[in-house]
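Source file: work.txt. Holds: compact mmCIF, C-alpha atoms.
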# COMPACT_ATOMS: atom_id res chain seq x y z
CA MET A 1 12.50 -15.20 -0.74
CA ASP A 2 14.45 -14.24 -3.84
CA GLN A 3 14.33 -10.78 -5.41
CA LYS A 4 12.08 -11.73 -8.32
CA SER A 5 9.54 -13.40 -6.03
CA ALA A 6 9.55 -10.45 -3.62
CA ILE A 7 9.01 -7.96 -6.45
CA SER A 8 6.23 -10.08 -7.99
CA ALA A 9 4.45 -10.47 -4.65
CA LEU A 10 4.77 -6.76 -3.92
CA ILE A 11 3.45 -5.79 -7.35
CA GLY A 12 0.54 -8.22 -6.95
CA LEU A 13 -0.34 -6.80 -3.53
CA ARG A 14 -0.14 -3.21 -4.79
CA VAL A 15 -2.28 -3.91 -7.87
CA ALA A 16 -4.92 -5.80 -5.85
CA VAL A 17 -5.21 -3.18 -3.12
CA GLY A 18 -4.86 -0.26 -5.54
CA VAL A 19 -7.46 -1.44 -8.05
CA ALA A 20 -9.89 -2.42 -5.28
CA SER A 21 -9.44 0.96 -3.59
CA TRP A 22 -10.05 2.80 -6.86
CA THR A 23 -12.94 0.76 -8.27
CA THR A 24 -14.81 -0.12 -5.07
CA PRO A 25 -13.57 2.34 -2.44
CA ARG A 26 -16.41 1.75 0.03
CA LEU A 27 -16.07 -2.04 -0.12
CA ALA A 28 -12.28 -1.88 0.10
CA GLY A 29 -12.54 0.38 3.13
CA LYS A 30 -15.08 -1.93 4.72
CA LEU A 31 -12.71 -4.90 4.30
CA PHE A 32 -10.18 -2.96 6.39
CA GLY A 33 -12.82 -2.06 8.98
CA LEU A 34 -13.37 1.54 7.88
CA ASP A 35 -16.84 3.08 8.00
CA ALA A 36 -17.37 4.96 4.72
CA SER A 37 -20.91 5.94 5.70
CA ALA A 38 -19.51 7.88 8.69
CA ASN A 39 -17.14 9.78 6.40
CA PRO A 40 -18.61 10.59 2.98
CA GLN A 41 -15.19 11.82 1.77
CA SER A 42 -13.56 8.43 2.34
CA PRO A 43 -14.09 7.12 -1.24
CA TYR A 44 -12.11 10.10 -2.52
CA LEU A 45 -9.26 9.36 -0.10
CA ALA A 46 -9.37 5.64 -0.96
CA ARG A 47 -9.02 6.47 -4.64
CA LEU A 48 -6.00 8.68 -3.95
CA PHE A 49 -4.41 5.81 -2.07
CA GLY A 50 -5.41 3.31 -4.77
CA VAL A 51 -3.90 5.19 -7.67
CA ARG A 52 -0.69 5.66 -5.69
CA ASP A 53 -0.39 1.92 -5.20
CA VAL A 54 -1.08 1.19 -8.87
CA ALA A 55 1.53 3.79 -9.91
CA LEU A 56 4.12 2.27 -7.55
CA ALA A 57 3.35 -1.20 -8.94
CA TRP A 58 3.68 0.04 -12.52
CA GLY A 59 6.96 1.78 -11.75
CA ALA A 60 8.46 -1.36 -10.22
CA LEU A 61 7.12 -3.58 -13.00
CA SER A 62 8.15 -1.46 -15.98
CA THR A 63 11.72 -0.66 -14.95
CA GLU A 64 14.90 -2.45 -14.00
CA GLY A 65 18.24 -1.77 -12.39
CA GLU A 66 18.75 1.50 -10.53
CA THR A 67 15.43 2.97 -11.72
CA GLN A 68 13.54 -0.03 -10.36
CA ARG A 69 15.46 0.31 -7.10
CA GLN A 70 14.27 3.93 -6.85
CA TRP A 71 10.64 2.85 -7.37
CA LEU A 72 11.02 0.12 -4.75
CA THR A 73 12.58 2.59 -2.32
CA ALA A 74 9.76 5.09 -2.87
CA GLY A 75 7.24 2.31 -2.26
CA LEU A 76 9.03 1.24 0.90
CA ALA A 77 8.88 4.81 2.21
CA CYS A 78 5.14 5.01 1.45
CA ASP A 79 4.50 1.66 3.13
CA ALA A 80 6.46 2.64 6.23
CA ALA A 81 4.46 5.89 6.42
CA ASP A 82 1.23 3.90 6.00
CA ALA A 83 2.25 1.61 8.87
CA LEU A 84 3.00 4.60 11.10
CA ALA A 85 -0.34 6.17 10.15
CA GLY A 86 -2.17 2.95 11.03
CA PHE A 87 -0.38 2.74 14.36
CA ALA A 88 -1.06 6.42 15.09
CA GLY A 89 -4.73 5.95 14.20
CA GLY A 90 -5.04 3.14 16.70
CA ARG A 91 -3.19 5.02 19.41
CA GLY A 92 -5.13 8.21 18.73
CA GLY A 93 -8.44 6.40 18.91
CA TYR A 94 -9.73 7.50 15.52
CA LEU A 95 -9.25 4.02 14.08
CA PRO A 96 -10.81 1.01 15.76
CA LYS A 97 -8.16 -1.35 17.14
CA VAL A 98 -8.98 -4.12 14.64
CA THR A 99 -8.78 -1.64 11.76
CA SER A 100 -5.48 -0.31 13.08
CA VAL A 101 -4.07 -3.85 13.19
CA LEU A 102 -5.36 -4.65 9.66
CA VAL A 103 -4.01 -1.53 7.96
CA THR A 104 -0.74 -1.55 9.91
CA GLY A 105 -0.22 -5.26 9.27
CA THR A 106 -0.84 -4.89 5.54
CA ALA A 107 1.59 -1.98 5.34
CA LEU A 108 4.23 -3.89 7.32
CA ALA A 109 3.85 -6.87 4.96
CA ALA A 110 4.55 -4.51 2.06
CA VAL A 111 7.55 -3.09 3.96
CA ALA A 112 8.92 -6.61 4.40
CA LEU A 113 8.43 -7.43 0.71
CA GLY A 114 10.04 -4.13 -0.33
CA ALA A 115 12.98 -4.69 1.99
CA ALA A 116 13.44 -8.22 0.61
CA ALA A 117 13.37 -6.90 -2.96
CA LEU A 118 15.91 -4.19 -2.14
CA ARG A 119 18.18 -6.48 -0.13
CA GLU A 120 18.57 -8.77 -3.12
CA GLN A 121 19.52 -5.98 -5.55
Starting from the file, give its structure as structure tokens.
Amino acid sequence: MDQKSAISALIGLRVAVGVASWTTPRLAGKLFGLDASANPQSPYLARLFGVRDVALAWGALSTEGETQRQWLTAGLACDAADALAGFAGGRGGYLPKVTSVLVTGTALAAVALGAAALREQ
């Protein structure tokens, strides 16, 4: 995958997940296997996550060169932390196994896209 394709795919993934998490936090959580009714604060947390993803997408989209590389690196760090959090949630038992696999897998896909974008620069 070339750099431009990796960046476009990553931006698309971030915008889709970010906008869904902000506008329909309960539905977005449900798609990942989270139970918003069991945690009434979860829409708030989903919106924090959503706006972060939209901001990372905007940063990567609206810049180039070294500044874009910094945005991509920041996104890669966030995605790696998200993957570790998903794994820890599954191991700790506070995320169902299927949910742990879904959130960890999505984060690892973003890590792979970010790494591909950075490798090409």
Fill in: Separation of CA of Gly50 in chain A from CA of Leu13 in chain A, in Å and rounded to one decimal
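These atoms are spaced 11.4 Å apart.
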Restricting to only C-alpha atoms, whichever of A:Pro96, A:Leu76, A:Leu118, A:Ala57 is closest to Ser8 in chain A is A:Ala57
message = When you count all atoms listed in the file, which of these residues is closest to Ala38 in chain A: A:Ala83, A:Cys78, A:Tyr94, A:Arg69?
response =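 So, comparing all the options, the nearest one is A:Tyr94.
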Nearest to Leu108 in chain A, restricted to all atoms listed in the file and choosing among A:Ala55, A:Asp82, A:Ser5, A:Leu95, comes out as A:Asp82
Could you please determine the separation between CA of Gly75 in chain A and CA of Gly93 in chain A in Å, to one decimal place?
->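 Between CA of Gly75 in chain A and CA of Gly93 in chain A the gap works out to 26.7 Å.
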CA of Leu102 in chain A to CA of Leu27 in chain A measures 14.7 Å
| request: Go ahead and find all residues with at least one atom no further than 10 Å from (-14.0, 6.0, 3.1) in the file's coordinates, using only C-alpha atoms; report them as a PyMOL selection string. | output: chain A and resi 21+25-30+34-47
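Proximity ranking of A:Ala116, A:Phe87, A:Arg14, A:Ser62 relative to Val103 in chain A places A:Phe87 first, based on all atoms listed in the file.
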(message) Measuring between only C-alpha atoms, which one of A:Gly18, A:Leu61, A:Phe49, A:Asp79 shows the shortest distance to Ala110 in chain A?
(response)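 Smallest distance to Ala110 in chain A is found for A:Asp79.
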Counting only C-alpha atoms, closest pick from A:Ser100, A:Gln68, A:Gly105, A:Ala77 relative to Lys4 in chain A is A:Gln68
* Do you know which residues are at most 9 Å from Ala115 in chain A counting all atoms listed in the file, after dropping those on the same chain fewer than 2 positions away, and could you put them as a list in words? ->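 Residues near the query, excluding close chain neighbours: Ala6, Leu72, Thr73, Leu76, Ala110, Val111, Ala112, Leu113, Ala117, Leu118, Arg119 and Glu120 of chain A.
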